[in-house]
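*Asks:* Structure below; questions to follow.
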Amino acid sequence: MNLALDWSFFSWDLFANYVWKGLKYSVMLTVIATIGGIFFGTLLALMRLSGKKWLDLPATIYVNGMRSIPLVMMILWFFLLMPMIIGKPIGAETSAVVTFIAFEAAYFSEIMRAGIQSIPRGQVFAGQAMGMTYGQNMRLVVLPQAFRNMLPVLLTQTIILFQDTSLVYAIGAYDMLKGFDIAGKNYGRPVESYLTAAVTYFVLCYALSWFVKRLHKKIAIIR
């Protein structure tokens, strides 16, 4: 087996023509899924902490159910079954956005629930003593501190989310991995292309992880 590698095909034009489009989509999907996941995840966390069974039970079933299913299966199910239900195709990119938000909401929910529970009960009681409603207490006292405490964990989950965007390759969405794949096929160097993709993912995620560690240390010092 010939393992000789040829990197002569790799150039800025390759990145600009094939990879850049996919990288933009991967970043866009990560940002949208993070924002949507945190929003709906926070709502799920509040439902689970509400003390009301009619809110807690469906939220618990949703979170545990989503966390028990591989993401790639969710992507494929939504992409293949939803057009049969609504009677028209919805596209790979739209399927990926909806699926990632729904899936990541379950994970961000557990992060936010831990953050809310980390706030001393005395602060909650102080807000109640000032006449705040449950909603006001959460919005003005608890959630700002929970977000701050959980920021490194939220960012770490976002990095994992960025890595998971490569799974949309299964439904043909044009993410960064897809860009490298097309480039490798067009230039006839698939092995080198996939190796370059792996290195690119590693560099980006390592840099982001380093930033999160620095941020975690800074937050710890402020505390």
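Residues are named by chain letter and number: chains run A, B, ... in the order of the structure tokens, numbers start at 1 in each chain, and ligands are numbered from 1 in the order shown.
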Residues near Gly188 (chain A), anyone? I mean within 12 Å using only C-alpha atoms, not counting same-chain ones fewer than 4 positions away, as a list in words.

*Replies:*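 Answer for this query is Leu5, Asp6, Trp7, Ser8, Phe9, Phe10, Phe180, Asp181, Ile182, Ala183, Gly184, Glu192, Ser193 and Tyr194 of chain A.
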
*Asks:* Mind checking which residues fall within 6 Å of region 11-27 of chain A, counting only C-alpha atoms, ignoring those fewer than 6 positions away in the same chain, and posting them as a ChimeraX atom specification?

*Replies:* /A:174-176,179-180

*Asks:* Just the selected residues (C-alpha atoms), exported as a PDB file, in the first residue's frame, please.

*Replies:*
ATOM      1  CA  TYR A 174     -22.360  21.954   2.962  1.00  0.00           C
ATOM      2  CA  ASP A 175     -20.344  22.253   6.175  1.00  0.00           C
ATOM      3  CA  MET A 176     -16.570  22.539   6.532  1.00  0.00           C
ATOM      4  CA  GLY A 179     -15.902  21.420   1.626  1.00  0.00           C
ATOM      5  CA  PHE A 180     -12.764  19.393   2.305  1.00  0.00           C
TER       6      PHE A 180
END

*Asks:* Residues near Gly91 (chain A), anyone? I mean within 10 Å using only C-alpha atoms, not counting same-chain ones fewer than 6 positions away, as a list in words.

*Replies:* Phe79, Pro83, Ile171, Gly172 and Ala173 of chain A

*Asks:* List every residue of region 71-153 of chain A that has an atom at most 10 Å from any atom of region 47-67 of chain A, and for each one report the closest atom pair and its distance in Å to one decimal, counting only C-alpha atoms, with rows sorted by chain and then by increasing residue number, as JSON lines.

*Replies:*
{"residue": "A:Leu71", "atom": "CA", "partner": "A:Met66", "partner_atom": "CA", "distance": 8.5}
{"residue": "A:Met74", "atom": "CA", "partner": "A:Met66", "partner_atom": "CA", "distance": 8.7}
{"residue": "A:Ala102", "atom": "CA", "partner": "A:Met66", "partner_atom": "CA", "distance": 8.3}
{"residue": "A:Phe103", "atom": "CA", "partner": "A:Met66", "partner_atom": "CA", "distance": 6.1}
{"residue": "A:Glu104", "atom": "CA", "partner": "A:Met66", "partner_atom": "CA", "distance": 8.6}
{"residue": "A:Ala105", "atom": "CA", "partner": "A:Val63", "partner_atom": "CA", "distance": 7.9}
{"residue": "A:Ala106", "atom": "CA", "partner": "A:Val63", "partner_atom": "CA", "distance": 4.6}
{"residue": "A:Tyr107", "atom": "CA", "partner": "A:Arg67", "partner_atom": "CA", "distance": 7.2}
{"residue": "A:Phe108", "atom": "CA", "partner": "A:Val63", "partner_atom": "CA", "distance": 9.7}
{"residue": "A:Ser109", "atom": "CA", "partner": "A:Val63", "partner_atom": "CA", "distance": 7.6}
{"residue": "A:Glu110", "atom": "CA", "partner": "A:Val63", "partner_atom": "CA", "distance": 8.2}
{"residue": "A:Arg113", "atom": "CA", "partner": "A:Leu49", "partner_atom": "CA", "distance": 7.6}
{"residue": "A:Ile116", "atom": "CA", "partner": "A:Leu49", "partner_atom": "CA", "distance": 8.9}
{"residue": "A:Gln117", "atom": "CA", "partner": "A:Leu49", "partner_atom": "CA", "distance": 8.8}
{"residue": "A:Tyr134", "atom": "CA", "partner": "A:Ser50", "partner_atom": "CA", "distance": 9.4}

*Asks:* Output the selection as a short mmCIF file (atom, residue, chain, number, x, y, z; two decimals), in the first residue's frame - all heavy atoms for each residue.

*Replies:*
data_model
loop_
_atom_site.label_atom_id
_atom_site.label_comp_id
_atom_site.auth_asym_id
_atom_site.auth_seq_id
_atom_site.Cartn_x
_atom_site.Cartn_y
_atom_site.Cartn_z
N LEU A 71 -27.00 12.06 18.10
CA LEU A 71 -27.35 13.24 17.30
C LEU A 71 -27.50 12.90 15.83
O LEU A 71 -28.41 13.41 15.15
CB LEU A 71 -26.28 14.32 17.49
CG LEU A 71 -26.44 15.59 16.65
CD1 LEU A 71 -27.81 16.23 16.85
CD2 LEU A 71 -25.33 16.58 16.98
N MET A 74 -30.91 11.69 15.11
CA MET A 74 -31.90 12.77 15.12
C MET A 74 -31.86 13.53 13.80
O MET A 74 -32.90 13.89 13.24
CB MET A 74 -31.63 13.72 16.29
CG MET A 74 -32.00 13.18 17.65
SD MET A 74 -33.79 12.90 17.82
CE MET A 74 -34.42 14.55 17.45
N ALA A 102 -33.00 21.73 18.77
CA ALA A 102 -33.80 20.82 19.60
C ALA A 102 -32.93 19.89 20.42
O ALA A 102 -33.21 19.61 21.60
CB ALA A 102 -34.74 20.01 18.70
N PHE A 103 -31.85 19.41 19.82
CA PHE A 103 -30.96 18.46 20.50
C PHE A 103 -30.13 19.15 21.57
O PHE A 103 -30.03 18.68 22.71
CB PHE A 103 -30.05 17.78 19.48
CG PHE A 103 -29.26 16.63 20.03
CD1 PHE A 103 -29.81 15.37 20.12
CD2 PHE A 103 -27.96 16.82 20.46
CE1 PHE A 103 -29.08 14.30 20.63
CE2 PHE A 103 -27.22 15.76 20.97
CZ PHE A 103 -27.78 14.50 21.05
N GLU A 104 -29.53 20.29 21.22
CA GLU A 104 -28.64 20.98 22.16
C GLU A 104 -29.41 21.58 23.34
O GLU A 104 -28.84 21.78 24.41
CB GLU A 104 -27.86 22.07 21.45
CG GLU A 104 -26.85 21.55 20.44
CD GLU A 104 -25.79 20.68 21.08
OE1 GLU A 104 -25.41 20.95 22.24
OE2 GLU A 104 -25.33 19.73 20.42
N ALA A 105 -30.70 21.87 23.15
CA ALA A 105 -31.50 22.41 24.24
C ALA A 105 -31.49 21.47 25.44
O ALA A 105 -31.47 21.91 26.60
CB ALA A 105 -32.93 22.65 23.78
N ALA A 106 -31.47 20.16 25.19
CA ALA A 106 -31.45 19.19 26.28
C ALA A 106 -30.15 19.27 27.07
O ALA A 106 -30.16 19.19 28.31
CB ALA A 106 -31.64 17.78 25.72
N TYR A 107 -29.04 19.46 26.39
CA TYR A 107 -27.74 19.54 27.07
C TYR A 107 -27.56 20.87 27.78
O TYR A 107 -27.08 20.93 28.92
CB TYR A 107 -26.62 19.29 26.07
CG TYR A 107 -26.50 17.84 25.66
CD1 TYR A 107 -27.27 17.33 24.63
CD2 TYR A 107 -25.66 16.97 26.34
CE1 TYR A 107 -27.19 15.99 24.27
CE2 TYR A 107 -25.55 15.64 25.99
CZ TYR A 107 -26.33 15.15 24.96
OH TYR A 107 -26.25 13.82 24.61
N PHE A 108 -27.94 21.95 27.11
CA PHE A 108 -27.84 23.26 27.76
C PHE A 108 -28.80 23.35 28.95
O PHE A 108 -28.54 24.08 29.90
CB PHE A 108 -28.13 24.37 26.75
CG PHE A 108 -27.00 24.67 25.83
CD1 PHE A 108 -27.12 24.50 24.46
CD2 PHE A 108 -25.78 25.14 26.32
CE1 PHE A 108 -26.06 24.77 23.61
CE2 PHE A 108 -24.72 25.42 25.49
CZ PHE A 108 -24.86 25.24 24.12
N SER A 109 -29.90 22.62 28.88
CA SER A 109 -30.84 22.60 30.00
C SER A 109 -30.19 22.08 31.27
O SER A 109 -30.35 22.66 32.36
CB SER A 109 -32.05 21.72 29.64
OG SER A 109 -32.86 21.49 30.77
N GLU A 110 -29.43 21.00 31.16
CA GLU A 110 -28.77 20.44 32.33
C GLU A 110 -27.69 21.37 32.86
O GLU A 110 -27.48 21.49 34.07
CB GLU A 110 -28.17 19.08 31.97
CG GLU A 110 -29.19 17.99 31.71
CD GLU A 110 -30.06 17.73 32.93
OE1 GLU A 110 -29.67 16.94 33.79
OE2 GLU A 110 -31.14 18.35 33.03
N ARG A 113 -29.57 24.20 34.59
CA ARG A 113 -30.18 23.72 35.83
C ARG A 113 -29.13 23.65 36.94
O ARG A 113 -29.39 24.04 38.09
CB ARG A 113 -30.81 22.34 35.61
CG ARG A 113 -31.65 21.85 36.81
CD ARG A 113 -32.57 20.74 36.37
NE ARG A 113 -31.84 19.52 36.06
CZ ARG A 113 -31.78 18.45 36.87
NH1 ARG A 113 -32.39 18.47 38.04
NH2 ARG A 113 -31.13 17.38 36.51
N ILE A 116 -28.35 27.27 38.02
CA ILE A 116 -29.40 27.84 38.87
C ILE A 116 -29.31 27.26 40.28
O ILE A 116 -29.45 27.99 41.27
CB ILE A 116 -30.78 27.58 38.24
CG1 ILE A 116 -30.93 28.38 36.94
CG2 ILE A 116 -31.89 27.95 39.22
CD1 ILE A 116 -32.17 28.03 36.14
N GLN A 117 -29.09 25.96 40.37
CA GLN A 117 -29.03 25.32 41.68
C GLN A 117 -27.77 25.71 42.45
O GLN A 117 -27.71 25.51 43.67
CB GLN A 117 -29.10 23.80 41.52
CG GLN A 117 -30.46 23.30 41.05
CD GLN A 117 -30.49 21.79 40.84
OE1 GLN A 117 -29.50 21.20 40.39
NE2 GLN A 117 -31.62 21.18 41.14
N TYR A 134 -41.67 35.16 41.23
CA TYR A 134 -40.76 34.09 40.82
C TYR A 134 -40.03 34.47 39.53
O TYR A 134 -38.81 34.29 39.41
CB TYR A 134 -41.54 32.79 40.61
CG TYR A 134 -40.70 31.65 40.09
CD1 TYR A 134 -39.88 30.91 40.93
CD2 TYR A 134 -40.73 31.31 38.73
CE1 TYR A 134 -39.11 29.86 40.45
CE2 TYR A 134 -39.97 30.26 38.24
CZ TYR A 134 -39.16 29.53 39.10
OH TYR A 134 -38.40 28.50 38.61
#

*Asks:* Between A:Val199, A:Gly115, A:Leu204, A:Ile32, which is the closest to Val98 (chain A) once you count only C-alpha atoms?

*Replies:* A:Ile32

*Asks:* Can you tell me how far CA of Pro190 (chain A) sits from CA of Phe162 (chain A), in Å to one decimal?

*Replies:*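 CA of Phe162 (chain A) lies 22.4 Å from CA of Pro190 (chain A).
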
*Asks:* Point out the residue among A:Leu177, A:Ala207, A:Met82, A:Ile35 with the least atom-to-atom distance to Leu195 (chain A), counting only C-alpha atoms.

*Replies:* A:Leu177

*Asks:* Would you mind telling me which residue in A:Leu161, A:Ala170, A:Ile90, A:Ala45 lies nearest to Leu76 (chain A) when using only C-alpha atoms?

*Replies:* A:Ala170
